[in-house]
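Enquirer: I'd like to ask you about the structure that follows.
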Amino acid sequence: MDLTYGPEHEAFRTEVREFLASEWRKGTDVAAFRRLAIDAGYLYRGIPRRYGGSEQAPDILRARVIAEEFARARAPAEIKGNGVQMLVPTLLERGAEWQKEKFVSDTLSGELKWAQGFSEPGSGSDLASLRTRGELRNGRWVINGQKVWTSYAKECRYMFALVRTEPDAPKHEGISYLLIDLHQPGIDIRPMKQINGGNDFNEVFFADATTPEDWIVGTRGEGWSVSKSLLKHERNMLGGIDRSEGMFNSLVGLARRATRDGRCAIEDMWVRDRLAALKGGLEAQRHSSHIQMTRDLTGEGGGLLQMMNKLAQSNYAAQVAEVANAILEDEALVSPIGNPHPGNERWVNQYMNSLAAAIAGGTSNIQRNIIAERGLGLPRERAA
Amino acid sequence: MRFDLDEQQRAFQTAVAEYLEAECPMERALAAHEEVDGNADGGVPADLGIWQGLMQLGIGGMIVPEEHGGLGLGLLDMAVVAEPIGRYAAPGPFVEHALATLALVIAGNDEQRAMWLPALASGEKRATVALAEDKGDWSADRWTLDGATLTGTKHYVLHAEGADLIVVGLAGGALGLVCGDAKGLSISAVPSTDAGKRLSTLTFVDVAVEVLPVVAGARLVDAGAILLAADAFGGASACVDRAVSYAKEREQFGQPIGAFQAIKHQLADMALAVVPTVGLYWYAAHAFDTRDFIAASEAASLAKSHLGELYPPIARRMIEAHGGIGYTWEYGDHVWLKRALFDQNYLGSPRQHRLRVAELAGW
C-alpha cells in the first residue's frame, strides 16, 4: 500500500502548479490559456499534436496530478461534451485521415459542438433496433427518421448518428455511423421540456436530410461496432469520483445552512447519521477508483469494479437527493423554476436532476444486466 | 501509487483462505451452532481447532514485534487475513485474541510484552478483551472500572471461559491485565446469537489488575472495528457468491433462476453494495498503521459502520434468493446471517460509529 505519487510525480506536480500560478488567473482568456496548457503537455494528452492534442506518453498518474491541480486552481481543463469525450476518441480509433484533420482540432478547441444521434422513440435500451434510414443517392446519404433525447442539439453544428443503411442485414449489422451537418433544411430540431423545467434535450426530425457519402466513420454496416468504443468512453466519463465529492460537500453545506426543529440541521442526530453514511459511500467510491487506477497501472484492469462505476455513481446521486429532500422538508414546497433568487430550494433541482443520471448513458437496469451477465457470469437474457 | 495489497499480503490471505477451504467447510461452521443449540454454554469457545490451526500458520504473531517471536507486521496485514476468516464464517476466538495481543504491543511495557507476547503469538496462551459495561458503552471514554483492584461488570466478553488473560478496559480509556483465573472474577455465560462467538458477562469483585502504561483503549477499539469490517467484507462477499452460484444451478420454469431479470438485478445490487467497499477496510487499516489518531479513527469508524450495516441485509437477501432451502438449519445460510449481526453490533453499532465520524469530521 503506497498512497503517495512518488518523487517523480511530485516534481511534476510542482511543475504544473508553477505553470498554473504564472499562466492562470480569473479573467484570463480561456481559449488562449488552453492553447498554452496544450503546448505544455497538460491537456488532450492522448491526442497527436497534428490534430491539436499534446501527444504525451500515457501516464495515469500524471493525468491524475493534472486533474487535481487544475481543479485546485479552478483552471479550465479539457472541454467536456459529446464532441471531445465521445466523437474524438471514436474518430482517432476508426476515422479516415481527412476526418481527423477536418474535425478533431476544432472540436478540441470548442469551436465545433456535436450532438449525439443514437436513441429513437422506439429504440432506447434496445438501441440496435433503430429505424432512422440512410439511403445512398447520387453520392449523398439521404436520411429520414427521428432521433430523441438529443442533448443541446440547438447549440450544436454537427451530429454523429447511428443510421440504418442496410435494411436487409441482421439488426446489428445494418447500421452505419454517419456525421451530419445539422444546419440544413431537412432537419427540424424541437426542444423537449424536462421535469426540471429545462429543455436541454430535443427531438430531431430528418426529412430527406443529406450528408456526403464519405462522411461515414468505418464502413457501411460497421456502425454498431464503431459506436461500441464510444459507449465505453462515456462510461468512463460518468464514472468519476469528482462529481460525487462535489455533491457530498454541497450537501454538508446545506445541512449547515438549513434548520431542523429550530436548530441547525447538522446538529440533528438523524442528519449526522445520514451524512456519515454518505461519507462512507463516497470514500468507498474514492478507494475503488484508486484500486482501478492501480490495476490499470499494473495491467490487471478494473474488472467488476469498472462495470459498477456508472450505477454506483447514479445511485449515490439518488441517495444524496433523498437526504437533501429530508433536510429541506417544507422548503421543498417552493420551486426553484422561474425563481430569481432560489435559496435552499435549489436542491429541488438536484432532486430531479439525479434521475437523469440513472437514465442517460445506459439506464440503471441495463447496468444491472451488465454487472450480472458480464461481471457475475449469470445466464444471458434470451436474445430478442 | 499502489492502492492494493502487496504480494506478501496476497500470499497470507491465500494461505488462510486455503486452510479454511480445507478445514472450515460450512458444515464445520454450522457445528458450532449445533453444539450450543438448546444449552447456554456460552463462555467456552465453540471450536478451538480452527483457531489453533491458524495460529500454527503463524497469524498470531503477525502483529507481534520480532524480538517477541512475531513478524512485526501492521494491522493491514492482520486485516487482510481477517477477511477470509469472515468469508468462511469461521467460529472461534480470532478477533479478541488479536486485540488482546495488540493491546500488549501498543500499550505494554517491556516486561509485560516479554512475559505475554511470545505465548500469545504462538497460541500457547489464549487471551480475550473485556470492554463494554452498560449497553452501548463500547467507547473507551465511557469505561468506569478503576482502582488498584477492580469491582464492576463487563458485558459481551468473547470466549472468556478458559482464556489465560483478559485485557480489561479501564476508566480514562486505559487498559489492564487480569488473569483468566483471577480471584474475585466470575464468568456467566450468555446465549449468543452467533454461536461461533460465545459471550459472557464478567463480574469483578476486588480483582487484581496490572495496568498497561500507555492509555490506548480508543486505539484498541479502532483496531477491533477495522478487523470486524474486514470480517464483514469477507462474509458479505461469501453471501454474494453463495447466492450467485445457487442462481446458476437452481432451475425453475425450465431455466436457471439466474436467467430471470428479477433475480439477476437483485444479485447485481448485492454485488454493487459489497464489491466496491473493500477499500474502506484496507484504507482504515493502512491509516491505523501510518496516519494520526484522528484520521485513523475516522476511517475505522467509517469502515465499521458501513460494512457492519450492509452485511446483515446482504445475508438476508442471500437467504431469500435460496427460497425455502435457505431457511433450513442444515443448509447453513444462517451462519452468515448470525455472523452479520455480530459484526454489525460488537464494538459498537453503525449508528454509534457514524456519530463518532460526524464528531471527528467537525460537523
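Letters for chains follow the order of the C-alpha cells (A, B, ...), residue numbers begin at 1 for each chain, and ligand numbers begin at 1 in the order shown.
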May I have the residues of chain B within 9 Å of chain A, counting only C-alpha atoms, written as a ChimeraX atom specification?
Expert: /B:1-6,241,244-245,247-248,256-261,264-269,271-273,275-280,282-283,286,299,302-303,305-306,350-359,363
Enquirer: Would you return as a list of chain:residue names the members of stretch 244-373 of chain A that DSSP assigns to strand (DSSP E or B) on this structure's backbone?
Expert: A:Thr259, A:Arg260, A:Arg263, A:Cys264
Enquirer: Between atom CA of B:Leu227 and atom CA of B:Glu67, what is the distance in Å, rounded to a tenth?
Expert: 24.3 Å
Enquirer: Apply DSSP to the structure's backbone, then extract all residues of stretch 249-351 of chain B labelled helix (DSSP H, G or I) and return them as a PyMOL selection string.
Expert: chain B and resi 249+257-259+261-290+293-327+333-345+350-351
Enquirer: Which is closest to B:Gly326 among B:Leu150, B:Arg242, B:Asp292, B:Ala140, if we use only C-alpha atoms?
Expert: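 Result for the nearest residue to B:Gly326: B:Arg242.
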Enquirer: In Å, rounded to a single decimal, give me how far atom CA of B:Val190 is from atom CA of B:Thr153.
Expert: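 Value for the atom CA of B:Thr153-atom CA of B:Val190 distance: 13.7 Å.
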Enquirer: List the neighbours of B:Ala284 out to 10 Å using only C-alpha atoms; skip same-chain residues closer than 5 positions along the sequence, and give me the result as an MDAnalysis selection string.
Expert: chainID B and resid 75:76 79 222:223 225:227 229:230 279 289:291 295:304
Enquirer: Find, counting only C-alpha atoms, the residue in A:Gly139, A:Gly110, A:Pro121, A:Gly27 that gets nearest to A:Val204.
Expert: A:Pro121
Enquirer: What does the distance between atom CA of A:Tyr351 and atom CA of A:Asn196 come to in Å, to one decimal place?
Expert: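 Between atom CA of A:Tyr351 and atom CA of A:Asn196 the gap is 9.1 Å.
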